[in-house]
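Colleague: I'm passing along my_file_21.cif; it holds mmCIF, C-alpha atoms and all ligand atoms.
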data_run
#
loop_
_atom_site.label_atom_id
_atom_site.label_comp_id
_atom_site.auth_asym_id
_atom_site.auth_seq_id
_atom_site.Cartn_x
_atom_site.Cartn_y
_atom_site.Cartn_z
CA MET S 1 32.29 -105.07 76.89
CA GLN S 2 30.39 -104.28 80.09
CA ALA S 3 28.69 -101.42 78.22
CA SER S 4 26.72 -103.84 76.06
CA PRO S 5 23.11 -103.85 77.28
CA ALA S 6 22.32 -107.28 75.86
CA PRO S 7 23.99 -110.53 76.93
CA ALA S 8 25.45 -112.92 74.36
CA ILE S 9 23.06 -115.88 74.21
CA LEU S 10 25.22 -118.78 73.04
CA GLU S 11 24.71 -122.34 71.89
CA PRO S 12 26.39 -124.60 74.46
CA ASP S 13 28.76 -126.13 71.90
CA ALA S 14 32.55 -126.27 72.42
CA ALA S 15 33.03 -122.67 71.23
CA GLY S 16 30.20 -121.39 73.43
CA ILE S 17 31.55 -123.20 76.49
CA ARG S 18 35.03 -121.79 75.84
CA ARG S 19 33.67 -118.25 75.58
CA ALA S 20 31.67 -118.71 78.77
CA ALA S 21 34.71 -120.08 80.65
CA THR S 22 36.79 -117.12 79.44
CA ALA S 23 34.13 -114.71 80.69
CA LEU S 24 34.21 -116.43 84.11
CA ARG S 25 38.02 -116.06 84.20
CA GLN S 26 37.60 -112.35 83.49
CA GLY S 27 35.36 -112.07 86.55
CA ARG S 28 32.20 -111.66 84.48
CA LEU S 29 28.83 -113.33 85.01
CA VAL S 30 27.68 -116.35 83.01
CA ALA S 31 24.19 -117.82 83.20
CA PHE S 32 24.11 -121.56 82.54
CA PRO S 33 21.56 -124.36 82.68
CA THR S 34 21.57 -126.98 85.41
CA GLU S 35 19.11 -129.87 85.79
CA THR S 36 17.25 -127.79 88.43
CA VAL S 37 17.16 -124.14 87.29
CA TYR S 38 19.49 -121.74 85.43
CA GLY S 39 22.40 -120.55 87.56
CA LEU S 40 23.97 -117.08 87.60
CA GLY S 41 27.61 -118.18 87.64
CA ALA S 42 30.75 -116.39 88.76
CA ASP S 43 34.29 -117.38 89.80
CA ALA S 44 33.86 -118.38 93.47
CA ARG S 45 37.46 -117.34 94.24
CA SER S 46 36.96 -113.73 93.17
CA ASP S 47 35.39 -111.34 95.69
CA ARG S 48 34.63 -108.91 92.91
CA ALA S 49 32.91 -111.50 90.74
CA VAL S 50 30.90 -112.76 93.73
CA ALA S 51 29.94 -109.20 94.62
CA ALA S 52 28.77 -108.73 91.03
CA VAL S 53 26.41 -111.69 91.54
CA PHE S 54 24.83 -110.08 94.61
CA ALA S 55 24.54 -106.80 92.71
CA ALA S 56 23.00 -108.40 89.61
CA LYS S 57 20.45 -110.26 91.72
CA GLY S 58 19.78 -107.38 94.07
CA ARG S 59 20.20 -110.02 96.77
CA PRO S 60 20.56 -109.30 100.48
CA ARG S 61 24.19 -109.69 101.47
CA PHE S 62 23.51 -112.18 104.27
CA ASN S 63 22.34 -114.84 101.86
CA PRO S 64 25.21 -117.24 101.09
CA LEU S 65 25.66 -118.86 97.66
CA ILE S 66 26.05 -122.46 96.54
CA VAL S 67 29.48 -123.37 95.18
CA HIS S 68 29.24 -125.61 92.08
CA LEU S 69 32.01 -128.11 91.37
CA ALA S 70 32.83 -130.61 88.65
CA ASP S 71 32.99 -133.59 91.03
CA ALA S 72 33.17 -134.70 94.66
CA GLU S 73 36.96 -134.58 94.62
CA ALA S 74 36.87 -130.86 93.82
CA ALA S 75 34.27 -130.39 96.58
CA ARG S 76 36.53 -132.13 99.14
CA ARG S 77 39.18 -129.50 98.46
CA ILE S 78 36.97 -126.66 99.69
CA VAL S 79 34.89 -128.29 102.47
CA ARG S 80 35.54 -131.04 105.05
CA PHE S 81 33.48 -134.10 104.23
CA THR S 82 31.86 -136.26 106.92
CA PRO S 83 31.11 -139.98 106.43
CA LEU S 84 27.48 -139.03 105.85
CA ALA S 85 28.49 -136.47 103.23
CA GLU S 86 30.50 -139.18 101.47
CA ARG S 87 27.48 -141.44 101.46
CA LEU S 88 25.08 -138.85 100.11
CA ALA S 89 27.55 -137.61 97.50
CA ALA S 90 28.24 -141.15 96.27
CA ARG S 91 24.53 -141.83 96.01
CA PHE S 92 23.19 -138.54 94.58
CA TRP S 93 26.00 -136.64 92.82
CA PRO S 94 25.95 -135.44 90.18
CA GLY S 95 22.40 -134.29 90.88
CA PRO S 96 19.97 -131.92 92.63
CA LEU S 97 21.47 -132.17 96.13
CA THR S 98 23.40 -129.42 97.95
CA LEU S 99 25.44 -130.21 101.07
CA VAL S 100 26.38 -127.63 103.72
CA LEU S 101 29.73 -128.57 105.29
CA PRO S 102 32.55 -126.87 107.25
CA ARG S 103 34.70 -124.82 104.89
CA ARG S 104 38.44 -125.44 104.69
CA ASP S 105 40.66 -122.50 105.62
CA GLU S 106 42.60 -123.12 102.42
CA SER S 107 39.47 -123.41 100.24
CA GLY S 108 40.36 -120.29 98.26
CA VAL S 109 36.65 -119.47 98.04
CA SER S 110 35.66 -115.84 98.58
CA LEU S 111 34.38 -115.20 102.12
CA LEU S 112 31.61 -113.18 100.54
CA ALA S 113 30.36 -116.32 98.77
CA GLY S 114 29.65 -117.92 102.15
CA ALA S 115 28.39 -114.63 103.63
CA GLY S 116 31.06 -114.95 106.30
CA LEU S 117 29.73 -118.27 107.64
CA PRO S 118 32.13 -121.03 108.76
CA SER S 119 30.34 -123.39 106.35
CA LEU S 120 29.91 -123.59 102.57
CA ALA S 121 27.16 -125.10 100.45
CA VAL S 122 28.51 -127.36 97.69
CA ARG S 123 26.84 -129.11 94.79
CA VAL S 124 27.86 -131.13 91.72
CA PRO S 125 25.23 -130.52 89.01
CA ARG S 126 24.29 -133.24 86.55
CA HIS S 127 23.39 -131.15 83.48
CA ALA S 128 25.85 -131.79 80.63
CA VAL S 129 26.29 -128.05 79.92
CA ALA S 130 27.01 -127.26 83.58
CA GLN S 131 29.44 -130.19 83.68
CA ALA S 132 31.22 -129.00 80.53
CA LEU S 133 31.49 -125.42 81.80
CA LEU S 134 32.89 -126.53 85.19
CA ALA S 135 35.39 -128.84 83.49
CA VAL S 136 36.66 -126.22 81.00
CA PHE S 137 36.71 -123.43 83.62
CA GLY S 138 38.47 -125.75 86.07
CA GLY S 139 37.47 -123.96 89.28
CA PRO S 140 34.60 -123.46 91.75
CA VAL S 141 31.61 -121.48 90.47
CA VAL S 142 29.04 -119.77 92.70
CA ALA S 143 25.63 -119.93 91.10
CA PRO S 144 22.42 -118.78 92.69
CA SER S 145 19.32 -119.13 90.57
CA ALA S 146 19.53 -116.72 87.63
CA ASN S 147 16.72 -114.38 88.61
CA ARG S 148 16.47 -111.06 90.44
CA SER S 149 16.23 -111.65 94.20
CA GLY S 150 12.74 -112.58 95.33
CA ARG S 151 11.51 -113.21 91.80
CA ILE S 152 10.61 -116.44 90.02
CA SER S 153 13.54 -118.72 89.22
CA ALA S 154 14.55 -119.09 85.58
CA THR S 155 14.11 -122.41 83.80
CA THR S 156 14.84 -121.18 80.26
CA ALA S 157 17.44 -118.87 78.70
CA ALA S 158 14.61 -116.46 77.79
CA HIS S 159 13.62 -116.16 81.49
CA VAL S 160 17.24 -115.26 82.31
CA ALA S 161 17.43 -112.67 79.54
CA ARG S 162 14.14 -111.12 80.63
CA GLY S 163 15.04 -110.96 84.33
CA LEU S 164 18.75 -110.13 84.26
CA GLY S 165 19.33 -108.78 80.73
CA GLY S 166 22.51 -106.73 80.48
CA ARG S 167 23.59 -107.64 84.03
CA VAL S 168 25.02 -110.89 82.64
CA ALA S 169 27.76 -111.18 80.01
CA VAL S 170 26.88 -114.60 78.58
CA ILE S 171 23.85 -116.88 78.70
CA LEU S 172 24.43 -120.49 77.66
CA ASP S 173 21.17 -121.68 76.14
CA GLY S 174 20.64 -125.30 77.15
CA GLY S 175 16.89 -125.33 76.63
CA ARG S 176 14.47 -126.02 79.42
CA CYS S 177 15.62 -127.37 82.81
CA ALA S 178 14.42 -130.93 83.34
CA ILE S 179 13.67 -130.72 87.09
CA GLY S 180 12.61 -127.08 87.20
CA ILE S 181 12.95 -126.56 90.95
CA GLU S 182 16.12 -125.81 92.97
CA SER S 183 18.30 -128.42 94.62
CA THR S 184 17.51 -129.88 98.04
CA VAL S 185 19.81 -128.32 100.67
CA ILE S 186 20.98 -130.44 103.60
CA ASP S 187 23.03 -129.10 106.50
CA LEU S 188 25.59 -131.66 107.69
CA THR S 189 27.41 -129.37 110.14
CA GLY S 190 25.20 -130.25 113.13
CA PRO S 191 24.83 -133.46 115.16
CA ARG S 192 22.09 -134.66 112.79
CA PRO S 193 21.47 -133.90 109.11
CA ALA S 194 18.90 -131.14 108.70
CA LEU S 195 16.83 -130.23 105.69
CA LEU S 196 17.32 -126.50 105.00
CA ARG S 197 15.43 -126.32 101.71
CA PRO S 198 13.16 -128.93 100.13
CA GLY S 199 14.02 -129.28 96.45
CA GLY S 200 14.52 -131.48 93.42
CA LEU S 201 15.66 -134.50 95.41
CA THR S 202 12.81 -135.73 97.59
CA GLN S 203 12.97 -136.27 101.35
CA GLU S 204 11.76 -139.80 100.74
CA GLU S 205 14.77 -140.57 98.51
CA ILE S 206 17.17 -139.09 101.05
CA ALA S 207 15.55 -140.92 103.96
CA ALA S 208 15.80 -144.18 102.01
CA ALA S 209 19.54 -143.59 101.48
CA LEU S 210 20.09 -142.66 105.14
CA GLY S 211 17.87 -145.41 106.52
CA ARG S 212 15.95 -142.88 108.63
CA PRO S 213 13.81 -139.79 108.14
CA ILE S 214 15.55 -136.47 107.81
CA LEU S 215 15.09 -133.69 110.35
CA GLU S 216 13.23 -130.67 109.01
CA SER S 217 14.91 -127.56 110.29
CA ASP S 218 12.22 -125.13 111.40
CA ASP S 219 13.76 -121.87 110.32
CA ASP S 220 10.58 -119.91 109.79
CA ASP S 221 9.59 -119.77 113.45
CA GLY S 222 11.20 -116.39 114.16
CA SER S 223 14.37 -117.88 115.60
CA ALA S 224 17.68 -117.25 113.85
CA PRO S 225 17.40 -118.87 110.43
CA ARG S 226 19.90 -121.63 109.73
CA SER S 227 19.54 -121.14 106.03
CA PRO S 228 19.58 -117.41 105.59
CA GLY S 229 18.24 -117.76 102.06
CA ARG S 230 14.85 -118.83 103.25
CA LEU S 231 13.31 -115.40 103.42
CA ALA S 232 9.58 -115.61 104.03
CA SER S 233 8.72 -113.87 100.76
CA HIS S 234 10.66 -115.35 97.88
CA TYR S 235 10.12 -116.62 94.35
CA ALA S 236 7.38 -114.04 94.00
CA PRO S 237 5.59 -113.11 90.79
CA GLU S 238 4.42 -109.47 90.51
CA ARG S 239 0.78 -110.52 90.94
CA PRO S 240 -0.43 -111.80 94.36
CA LEU S 241 -1.01 -115.53 94.82
CA ARG S 242 -4.04 -117.14 96.48
CA LEU S 243 -3.24 -120.68 97.63
CA GLU S 244 -5.49 -123.70 98.16
CA ALA S 245 -7.99 -122.25 95.70
CA LYS S 246 -11.05 -124.39 95.02
CA GLU S 247 -12.64 -121.90 92.61
CA VAL S 248 -11.58 -119.01 90.40
CA ARG S 249 -12.74 -115.52 91.36
CA PRO S 250 -13.30 -112.60 88.93
CA GLY S 251 -10.01 -111.18 87.64
CA GLU S 252 -8.01 -114.24 88.68
CA ALA S 253 -5.82 -116.46 86.54
CA LEU S 254 -5.59 -120.12 87.55
CA LEU S 255 -2.59 -122.29 88.27
CA ALA S 256 -4.23 -125.69 88.20
CA PHE S 257 -3.08 -129.16 89.21
CA GLY S 258 -4.58 -132.49 88.23
CA PRO S 259 -7.73 -133.41 86.33
CA GLY S 260 -11.04 -131.63 86.77
CA ALA S 261 -9.65 -128.10 87.09
CA PRO S 262 -12.28 -125.32 87.23
CA GLN S 263 -12.82 -123.13 84.15
CA ALA S 264 -10.86 -119.88 83.84
CA THR S 265 -10.03 -117.49 81.02
CA LEU S 266 -6.31 -117.73 81.75
CA VAL S 267 -5.20 -121.12 83.04
CA GLU S 268 -2.05 -123.20 83.17
CA ASN S 269 -2.16 -126.76 84.49
CA LEU S 270 1.03 -127.92 86.27
CA SER S 271 0.09 -131.49 85.47
CA PRO S 272 -3.32 -132.49 84.12
CA SER S 273 -2.59 -136.08 85.18
CA GLY S 274 -1.50 -135.08 88.71
CA ASP S 275 2.18 -135.98 88.27
CA LEU S 276 4.33 -134.07 90.79
CA GLU S 277 7.52 -134.35 88.74
CA GLU S 278 5.84 -132.82 85.73
CA ALA S 279 4.38 -130.14 88.03
CA ALA S 280 7.81 -129.22 89.45
CA ALA S 281 9.26 -128.91 85.96
CA ASN S 282 6.41 -126.60 84.90
CA LEU S 283 6.13 -124.50 88.07
CA PHE S 284 8.29 -121.47 87.38
CA ALA S 285 7.59 -121.28 83.64
CA MET S 286 3.83 -121.32 84.27
CA LEU S 287 4.09 -118.68 87.01
CA HIS S 288 6.01 -116.53 84.50
CA ARG S 289 3.23 -116.99 81.94
CA LEU S 290 0.39 -116.17 84.37
CA ASP S 291 2.15 -113.13 85.85
CA ARG S 292 0.55 -110.65 83.43
CA PRO S 293 -0.55 -107.04 83.99
CA GLU S 294 -4.22 -107.77 83.27
CA VAL S 295 -4.31 -110.48 85.96
CA GLY S 296 -5.57 -109.37 89.40
CA ALA S 297 -4.29 -112.42 91.26
CA ILE S 298 -3.18 -115.98 90.61
CA ALA S 299 -5.36 -118.66 92.18
CA VAL S 300 -3.42 -121.85 92.92
CA MET S 301 -5.13 -125.20 93.39
CA PRO S 302 -3.98 -127.42 96.29
CA ILE S 303 -0.87 -129.53 95.64
CA PRO S 304 -0.38 -132.76 97.64
CA GLU S 305 2.21 -132.43 100.42
CA ARG S 306 4.36 -135.43 99.44
CA GLY S 307 7.45 -136.08 97.31
CA LEU S 308 8.22 -133.10 95.09
CA GLY S 309 4.90 -131.59 96.21
CA ARG S 310 6.67 -130.46 99.39
CA ALA S 311 9.22 -128.44 97.42
CA ILE S 312 6.49 -127.03 95.16
CA ASN S 313 4.38 -125.97 98.16
CA ASP S 314 7.44 -124.46 99.86
CA ARG S 315 8.03 -122.23 96.81
CA LEU S 316 4.33 -121.35 96.48
CA ARG S 317 4.02 -120.40 100.16
CA ARG S 318 7.01 -118.09 99.80
CA ALA S 319 5.60 -116.60 96.63
CA ALA S 320 2.32 -115.94 98.48
CA ALA S 321 3.92 -114.54 101.65
CA PRO S 322 3.54 -110.84 102.54
CA ARG S 323 6.07 -108.83 100.51
CA PRO S 324 8.91 -106.99 102.17
CA ALA S 325 9.13 -103.25 101.54
CA ALA S 326 10.21 -102.57 97.96
CA PRO S 327 14.01 -102.79 97.68
CA ALA S 328 15.88 -99.55 97.09
O1 LIG Q 401 19.39 -125.82 92.23
C1 LIG Q 401 20.09 -124.97 92.79
O2 LIG Q 401 20.55 -125.14 93.92
C2 LIG Q 401 20.39 -123.66 92.02
C3 LIG Q 401 21.19 -124.05 90.78
C4 LIG Q 401 21.62 -122.85 89.98
O3 LIG Q 401 22.29 -124.85 91.13
N1 LIG Q 401 21.09 -122.75 92.86
C5 LIG Q 401 20.48 -122.11 93.90
O4 LIG Q 401 21.32 -121.29 94.60
O5 LIG Q 401 19.31 -122.24 94.18
P1 LIG Q 401 20.78 -120.17 95.58
O6 LIG Q 401 21.99 -119.34 95.88
O7 LIG Q 401 19.61 -119.44 94.97
O8 LIG Q 401 20.31 -120.90 96.87
C6 LIG Q 401 21.22 -121.16 97.91
C7 LIG Q 401 20.53 -121.75 99.11
C8 LIG Q 401 19.94 -120.65 99.94
O9 LIG Q 401 18.72 -121.09 100.53
C9 LIG Q 401 21.02 -120.40 100.97
O10 LIG Q 401 20.57 -119.78 102.12
C10 LIG Q 401 21.53 -121.82 101.20
O11 LIG Q 401 21.49 -122.42 99.92
N2 LIG Q 401 22.93 -121.81 101.66
C11 LIG Q 401 24.02 -121.52 100.94
N3 LIG Q 401 25.12 -121.58 101.70
C12 LIG Q 401 24.72 -121.92 102.94
C13 LIG Q 401 25.37 -122.13 104.18
N4 LIG Q 401 26.69 -122.01 104.30
N5 LIG Q 401 24.62 -122.48 105.25
C14 LIG Q 401 23.29 -122.61 105.14
N6 LIG Q 401 22.61 -122.42 103.99
C15 LIG Q 401 23.31 -122.07 102.91
MG MG Q 402 16.94 -118.53 94.18
#
What is this file in structure tokens?

Modeller:
Amino acid sequence: MQASPAPAILEPDAAGIRRAATALRQGRLVAFPTETVYGLGADARSDRAVAAVFAAKGRPRFNPLIVHLADAEAARRIVRFTPLAERLAARFWPGPLTLVLPRRDESGVSLLAGAGLPSLAVRVPRHAVAQALLAVFGGPVVAPSANRSGRISATTAAHVARGLGGRVAVILDGGRCAIGIESTVIDLTGPRPALLRPGGLTQEEIAAALGRPILESDDDDGSAPRSPGRLASHYAPERPLRLEAKEVRPGEALLAFGPGAPQATLVENLSPSGDLEEAAANLFAMLHRLDRPEVGAIAVMPIPERGLGRAINDRLRRAAAPRPAAPA
């Protein structure tokens, strides 16, 4: 019942998956694990279910959602693939890569899901629980990260429950997300592929598959954003962030990286050995842990701008950006 304030947190066994798929069919919201972050899932064909996602997240309407599918064949039914899309899908799906492609008129996907754009973002997740849910449900599922808009993404079922609580009917508990940072988003609707959001699949890996470097779309320069989701302030903890910190100031907690971190009373180290993959997996969970009322600010040590470090720095810069006026 919608009246229930607490979501059902279910084991992702056959019975749990069936209950989650039934909830999706009823137009209700289901949070599920993917290899990147937890998704807040809804039936992509239902305007009402998609609207419920925007409402639960408190997300600005102009921000389109990613449509999750069981395989590339299902994706081809809702968007028009290009030869490049075929190549990237064959190489990286299932996995942390999202492709933006022209939507088919007959896609059946809610226009609200794509925020009225002529394109749709599609992704085939690799996580076994996501795969099972998509297979049993048998349709396209929109799934933004399962957090309130502008807040830290969820990488455990507990994060989802804390952030969204009774706004979601079911949470499938698949443990901790292995990658811990959202998928890489590539726009293939233009003359050249453009990176809209750095993420779990590195630019280096994509460039190697394409045989050339990928264009970074500069959508923070005040011109019309190509990826409307890239609001300047995003992924923000309650406490302010101070980036490129070399020392810890009074009242600050420390988000450290690598060996030789300075002393602090409250400290989390993304990766004591300096491993960027480990750091990405820890990022959101550690921000959650440091975001405490007694903390004045979170000092963040520099993270190298290569590989997954680019995606980590992208998220940290957004988290540190000036906050928009408090949402109504
Ligand atoms: O890893 C992920 O991608 C997670 C998990 C749950 O799969 N999902 C996720 O979805 O991060 P979301 O909705 O939080 O992020 C969607 C991103 C936004 O930056 C949005 O602007 C962009 O994809 N996007 C979606 N549709 C688009 C479109 N048609 N054109 C351009 N950008 C689009
Ligand atoms: Mg998000």

Colleague: Ranking S:Ile152, S:Ala299, S:Leu266, S:Ala320 by minimum distance to Lys246 of chain S and counting only C-alpha atoms, which one comes first?

Modeller: S:Ala299

Colleague: Ranking S:Leu254, S:Phe92, S:Ile17, S:Glu277 by minimum distance to Glu205 of chain S and counting all atoms listed in the file, which one comes first?

Modeller: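 Among the listed residues, the smallest separation from Glu205 of chain S belongs to S:Phe92.
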
Colleague: Give me the residues of chain S that have any atom at most 7 Å from an atom of ligand LIG 401 (chain Q); for each, the nearest atom pair and the distance in Å, rounded to one decimal. Use all atoms listed in the file, sort by chain and number, and format it as a tab-separated table.

Modeller:
residue	atom	partner	partner_atom	distance
S:Thr34	CA	Q:LIG401	C3	6.1
S:Thr36	CA	Q:LIG401	O1	4.8
S:Val37	CA	Q:LIG401	C3	5.3
S:Tyr38	CA	Q:LIG401	C4	5.1
S:Gly39	CA	Q:LIG401	C4	3.4
S:Leu40	CA	Q:LIG401	C4	6.7
S:Asn63	CA	Q:LIG401	O10	5.3
S:Pro64	CA	Q:LIG401	N3	4.4
S:Leu65	CA	Q:LIG401	O6	4.1
S:Ile66	CA	Q:LIG401	C11	4.9
S:Pro96	CA	Q:LIG401	O1	6.1
S:Thr98	CA	Q:LIG401	O2	6.5
S:Val100	CA	Q:LIG401	C13	5.6
S:Gly114	CA	Q:LIG401	N4	5.5
S:Leu117	CA	Q:LIG401	N4	5.9
S:Ser119	CA	Q:LIG401	N4	4.4
S:Leu120	CA	Q:LIG401	N4	4.0
S:Ala121	CA	Q:LIG401	N3	4.3
S:Pro125	CA	Q:LIG401	O3	6.7
S:Ala143	CA	Q:LIG401	C4	5.1
S:Pro144	CA	Q:LIG401	O6	3.3
S:Ser145	CA	Q:LIG401	C4	4.4
S:Ala146	CA	Q:LIG401	C4	6.9
S:Ile181	CA	Q:LIG401	O1	6.6
S:Glu182	CA	Q:LIG401	O1	3.4
S:Ser183	CA	Q:LIG401	O1	3.7
S:Thr184	CA	Q:LIG401	O2	7.0
S:Val185	CA	Q:LIG401	O11	6.2
S:Asp187	CA	Q:LIG401	C14	6.6
S:Leu196	CA	Q:LIG401	N6	6.8
S:Arg197	CA	Q:LIG401	O9	6.3
S:Arg226	CA	Q:LIG401	C14	5.8
S:Ser227	CA	Q:LIG401	N6	3.9
S:Pro228	CA	Q:LIG401	O10	4.3
S:Gly229	CA	Q:LIG401	O10	3.1
S:Arg230	CA	Q:LIG401	O9	5.2

Colleague: Using all atoms listed in the file for the distances, tell me which of S:Arg315, S:Arg289, S:Arg76, S:Arg126 is nearest to ligand MG 402 (chain Q).

Modeller: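 Closest residue, counting all atoms listed in the file: S:Arg315.
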
Colleague: Take the point (21.6, -138.4, 82.6) as written in the file and pick out every residue within 10 Å of it, counting all atoms listed in the file; give the list as a VMD selection string.

Modeller: chain S and resid 35 94 to 95 126 to 128

Colleague: Which residues, written as a short mmCIF file (atom, residue, chain, number, x, y, z; two decimals) with C-alpha atoms, keeping the file's coordinate frame, have at least one atom at most 7 Å from Val129 of chain S, with all atoms listed in the file counted and residues fewer than 4 positions away on the same chain left out?

Modeller:
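As written to disk, result.cif reads:
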data_model
loop_
_atom_site.label_atom_id
_atom_site.label_comp_id
_atom_site.auth_asym_id
_atom_site.auth_seq_id
_atom_site.Cartn_x
_atom_site.Cartn_y
_atom_site.Cartn_z
CA PRO S 12 26.39 -124.60 74.46
CA PRO S 33 21.56 -124.36 82.68
CA LEU S 133 31.49 -125.42 81.80
CA GLY S 174 20.64 -125.30 77.15
#

Colleague: Identify which of the residues S:Gly258, S:Pro322, S:Gly116, S:Gly307 lies closest to Pro240 of chain S, counting all atoms listed in the file when measuring atom-to-atom distances.

Modeller: S:Pro322

Colleague: At a cut-off of 10 Å from (23.1, -136.3, 111.3) in the coordinates of the file, what residues are picked up using only C-alpha atoms, written as a PyMOL selection string?

Modeller: chain S and resi 82+84-85+186-194+210+214-215

Colleague: Kindly indicate which residue among S:Thr155, S:Gly27, S:Glu204, S:Arg167 lies nearest to ligand MG 402 (chain Q), using all atoms listed in the file for the distances.

Modeller: S:Thr155

Colleague: As an exercise, work out the distance from atom CA of Leu112 of chain S to atom CA of Ala6 of chain S in Å and give it to one decimal place.

Modeller: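 Straight-line distance from atom CA of Leu112 of chain S to atom CA of Ala6 of chain S works out to 27.0 Å.
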
Colleague: Please, which residues in segment 2-94 of chain S fall within 6 Å of segment 104-110 of chain S when counting only C-alpha atoms, and what is the closest atom pair and distance in Å to one decimal for each, ordered by chain then residue number, as a tab-separated table?

Modeller:
residue	atom	partner	partner_atom	distance
S:Ala44	CA	S:Val109	CA	5.5
S:Arg45	CA	S:Val109	CA	4.4
S:Ser46	CA	S:Ser110	CA	6.0
S:Asp47	CA	S:Ser110	CA	5.4
S:Ile78	CA	S:Ser107	CA	4.1
S:Val79	CA	S:Arg104	CA	5.1

Colleague: Have a look at S:Gly150, S:Gly138, S:Gly41, S:Pro250 and name the one nearest to ligand MG 402 (chain Q); count all atoms listed in the file.

Modeller: S:Gly150

Colleague: Do a neighbour search on segment 300-305 of chain S at 12 Å with only C-alpha atoms, toss out local chain neighbours closer than 2 positions, and write the hits as a PDB file with C-alpha atoms, keeping the file's coordinate frame.

Modeller:
ATOM      1  CA  PRO S 198      13.160-128.930 100.130  1.00  0.00           C
ATOM      2  CA  THR S 202      12.810-135.730  97.590  1.00  0.00           C
ATOM      3  CA  GLN S 203      12.970-136.270 101.350  1.00  0.00           C
ATOM      4  CA  PRO S 240      -0.430-111.800  94.360  1.00  0.00           C
ATOM      5  CA  LEU S 241      -1.010-115.530  94.820  1.00  0.00           C
ATOM      6  CA  ARG S 242      -4.040-117.140  96.480  1.00  0.00           C
ATOM      7  CA  LEU S 243      -3.240-120.680  97.630  1.00  0.00           C
ATOM      8  CA  GLU S 244      -5.490-123.700  98.160  1.00  0.00           C
ATOM      9  CA  ALA S 245      -7.990-122.250  95.700  1.00  0.00           C
ATOM     10  CA  LYS S 246     -11.050-124.390  95.020  1.00  0.00           C
ATOM     11  CA  GLU S 247     -12.640-121.900  92.610  1.00  0.00           C
ATOM     12  CA  VAL S 248     -11.580-119.010  90.400  1.00  0.00           C
ATOM     13  CA  ARG S 249     -12.740-115.520  91.360  1.00  0.00           C
ATOM     14  CA  GLU S 252      -8.010-114.240  88.680  1.00  0.00           C
ATOM     15  CA  ALA S 253      -5.820-116.460  86.540  1.00  0.00           C
ATOM     16  CA  LEU S 254      -5.590-120.120  87.550  1.00  0.00           C
ATOM     17  CA  LEU S 255      -2.590-122.290  88.270  1.00  0.00           C
ATOM     18  CA  ALA S 256      -4.230-125.690  88.200  1.00  0.00           C
ATOM     19  CA  PHE S 257      -3.080-129.160  89.210  1.00  0.00           C
ATOM     20  CA  GLY S 258      -4.580-132.490  88.230  1.00  0.00           C
ATOM     21  CA  PRO S 259      -7.730-133.410  86.330  1.00  0.00           C
ATOM     22  CA  GLY S 260     -11.040-131.630  86.770  1.00  0.00           C
ATOM     23  CA  ALA S 261      -9.650-128.100  87.090  1.00  0.00           C
ATOM     24  CA  PRO S 262     -12.280-125.320  87.230  1.00  0.00           C
ATOM     25  CA  ALA S 264     -10.860-119.880  83.840  1.00  0.00           C
ATOM     26  CA  VAL S 267      -5.200-121.120  83.040  1.00  0.00           C
ATOM     27  CA  GLU S 268      -2.050-123.200  83.170  1.00  0.00           C
ATOM     28  CA  ASN S 269      -2.160-126.760  84.490  1.00  0.00           C
ATOM     29  CA  LEU S 270       1.030-127.920  86.270  1.00  0.00           C
ATOM     30  CA  SER S 271       0.090-131.490  85.470  1.00  0.00           C
ATOM     31  CA  PRO S 272      -3.320-132.490  84.120  1.00  0.00           C
ATOM     32  CA  GLY S 274      -1.500-135.080  88.710  1.00  0.00           C
ATOM     33  CA  ASP S 275       2.180-135.980  88.270  1.00  0.00           C
ATOM     34  CA  LEU S 276       4.330-134.070  90.790  1.00  0.00           C
ATOM     35  CA  GLU S 277       7.520-134.350  88.740  1.00  0.00           C
ATOM     36  CA  ALA S 279       4.380-130.140  88.030  1.00  0.00           C
ATOM     37  CA  ALA S 280       7.810-129.220  89.450  1.00  0.00           C
ATOM     38  CA  LEU S 283       6.130-124.500  88.070  1.00  0.00           C
ATOM     39  CA  MET S 286       3.830-121.320  84.270  1.00  0.00           C
ATOM     40  CA  LEU S 287       4.090-118.680  87.010  1.00  0.00           C
ATOM     41  CA  LEU S 290       0.390-116.170  84.370  1.00  0.00           C
ATOM     42  CA  ALA S 297      -4.290-112.420  91.260  1.00  0.00           C
ATOM     43  CA  ILE S 298      -3.180-115.980  90.610  1.00  0.00           C
ATOM     44  CA  GLY S 307       7.450-136.080  97.310  1.00  0.00           C
ATOM     45  CA  LEU S 308       8.220-133.100  95.090  1.00  0.00           C
ATOM     46  CA  GLY S 309       4.900-131.590  96.210  1.00  0.00           C
ATOM     47  CA  ARG S 310       6.670-130.460  99.390  1.00  0.00           C
ATOM     48  CA  ALA S 311       9.220-128.440  97.420  1.00  0.00           C
ATOM     49  CA  ILE S 312       6.490-127.030  95.160  1.00  0.00           C
ATOM     50  CA  ASN S 313       4.380-125.970  98.160  1.00  0.00           C
ATOM     51  CA  ASP S 314       7.440-124.460  99.860  1.00  0.00           C
ATOM     52  CA  ARG S 315       8.030-122.230  96.810  1.00  0.00           C
ATOM     53  CA  LEU S 316       4.330-121.350  96.480  1.00  0.00           C
ATOM     54  CA  ARG S 317       4.020-120.400 100.160  1.00  0.00           C
ATOM     55  CA  ALA S 319       5.600-116.600  96.630  1.00  0.00           C
ATOM     56  CA  ALA S 320       2.320-115.940  98.480  1.00  0.00           C
TER      57      ALA S 320
END

Colleague: Please measure the separation of atom CA of Phe32 of chain S and atom CA of Leu99 of chain S, giving the value in Å to one decimal.

Modeller: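 Result for atom CA of Phe32 of chain S versus atom CA of Leu99 of chain S: 20.5 Å, one decimal.
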